[in-house]
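Data block below; observations after.
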Amino acid sequence: MYKTGDYIIYGADGVCLVESVGTLAIKGAKSGAQYYTLLPVYRDGSIYAPVDTAVYTRPVMTKNEALDLIGRIPTIEGKIVENKNPRMLNEQYKVYLKSGSCVDLVKLIRMIYAKGRSAAKSGKRLGQTDERSMKRAEEMLHNELAFALGIEPAEVKGFIAQTLKKQK
């Protein structure tokens, strides 16, 4: 169980501050049940989540874990998913997005990036499902890396490029 003041990853909502833990006196809340009151770091609003939620939660990665992940990016493979059915493709991508794993997010980003390069060679563009999924994966990954590294999400792409360039 997380405590007040902890920063966690809460499903696709990303980095959240645990503002409080306790019962809720609002309509629809189970009487006597424990809830987290979560404040998303990169968007407005509050989330009320049961302590025993089925939504994926975990502590935010540390700075060292973030740097380690960045260093491993070139070795993380993302195999291109070929599926003409947008619905099926979307379901395949959702598995990566819902896993809660930053490695899976990197795989998805690399997979769609490679698919885009391949499509561009034949004069085509990525489909809407690909573009939407890549944007979401980048947002989720960059927000957590930004928080762990103490930088702004907009700076993450450049930070990754600079770090990998130094590695070579």
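Chain lettering (A, B, ...) mirrors the order of the structure tokens, residue numbering begins at 1 for each chain separately, and ligand numbering begins at 1 in order of display.
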
> Residues at most 12 Å from A:Ile151, counting only C-alpha atoms, excluding those fewer than 6 positions away in the same chain, as number ranges by chain?
Replying inline: A: 63, 66, 142-145, 157-160

Within 10 Å of stretch 161-167 of chain A, counting only C-alpha atoms, which residues show up once you throw out same-chain ones fewer than 4 positions away? Write them as a PDB file with C-alpha atoms, in the first residue's frame, please.
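Output below, filename result.pdb:
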ATOM      1  CA  LEU A  67      19.445   6.462 -16.888  1.00  0.00           C
ATOM      2  CA  ILE A  70      17.971   5.180 -21.605  1.00  0.00           C
ATOM      3  CA  GLY A  71      21.314   3.411 -21.928  1.00  0.00           C
ATOM      4  CA  ARG A  72      19.540   0.192 -22.937  1.00  0.00           C
ATOM      5  CA  ILE A  73      17.273   1.776 -25.580  1.00  0.00           C
ATOM      6  CA  PRO A  74      19.496   0.763 -28.548  1.00  0.00           C
ATOM      7  CA  VAL A 156      13.338  14.186 -22.686  1.00  0.00           C
ATOM      8  CA  LYS A 157      13.792  13.452 -26.394  1.00  0.00           C
TER       9      LYS A 157
END

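Residues surrounding A:Gly45 within 12 Å are Asp13, Cys16, Leu17, Glu19, Thr37, Leu38, Leu39 and Pro40 of chain A [only C-alpha atoms; sequence separation below 5 positions excluded].
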
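For the set A:Pro153, A:Ile109, A:Ala114, A:Glu77, the residue with the smallest atom-to-atom gap to A:Val41 is A:Pro153, counting only C-alpha atoms.
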
>> I need the residues in stretch 5-168 of chain A that are helix (DSSP H, G or I) according to DSSP; give them as a VMD selection string.
In response: chain A and resid 11 to 13 63 to 75 86 to 98 102 to 121 128 to 149 153 to 167

>> I need the residue nearest A:Asn85 from this list: A:Gly100, A:Ile47, A:Thr129, A:Gly32. Use only C-alpha atoms for the distance.
In response: A:Thr129

> Which residues, written as number ranges by chain, have at least one atom at most 9 Å from A:Gln34, with only C-alpha atoms counted and residues fewer than 2 positions away on the same chain left out?
Replying inline: A: 21-24, 30-32, 36, 49-52

Would you export the selected residues with N, CA and C atoms as a tab-separated table (two decimals), in the first residue's frame, please?
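Written out: selection-v3.tsv:
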chain	number	residue	atom	x	y	z
A	21	VAL	N	-4.83	8.79	1.69
A	21	VAL	CA	-5.33	7.42	1.69
A	21	VAL	C	-6.38	7.35	2.78
A	22	GLY	N	-7.56	6.88	2.43
A	22	GLY	CA	-8.61	6.77	3.44
A	22	GLY	C	-9.96	6.56	2.81
A	23	THR	N	-11.00	6.63	3.64
A	23	THR	CA	-12.36	6.47	3.14
A	23	THR	C	-12.81	7.75	2.46
A	24	LEU	N	-13.78	7.62	1.59
A	24	LEU	CA	-14.30	8.78	0.87
A	24	LEU	C	-15.76	9.00	1.25
A	30	LYS	N	-17.64	3.10	-1.96
A	30	LYS	CA	-18.04	2.02	-1.04
A	30	LYS	C	-17.82	2.47	0.39
A	31	SER	N	-18.81	2.25	1.20
A	31	SER	CA	-18.73	2.63	2.61
A	31	SER	C	-17.62	1.84	3.30
A	32	GLY	N	-16.72	2.54	3.95
A	32	GLY	CA	-15.64	1.91	4.70
A	32	GLY	C	-14.45	1.47	3.87
A	36	TYR	N	-7.26	5.78	-2.62
A	36	TYR	CA	-6.18	6.73	-2.82
A	36	TYR	C	-6.79	7.97	-3.46
A	49	ALA	N	-9.07	6.30	-6.44
A	49	ALA	CA	-8.86	4.91	-6.82
A	49	ALA	C	-8.91	4.02	-5.59
A	50	PRO	N	-9.68	2.93	-5.65
A	50	PRO	CA	-9.68	2.00	-4.52
A	50	PRO	C	-8.26	1.48	-4.29
A	51	VAL	N	-7.91	1.28	-3.02
A	51	VAL	CA	-6.58	0.76	-2.69
A	51	VAL	C	-6.35	-0.59	-3.37
A	52	ASP	N	-7.41	-1.38	-3.51
A	52	ASP	CA	-7.28	-2.69	-4.15
A	52	ASP	C	-7.63	-2.63	-5.65
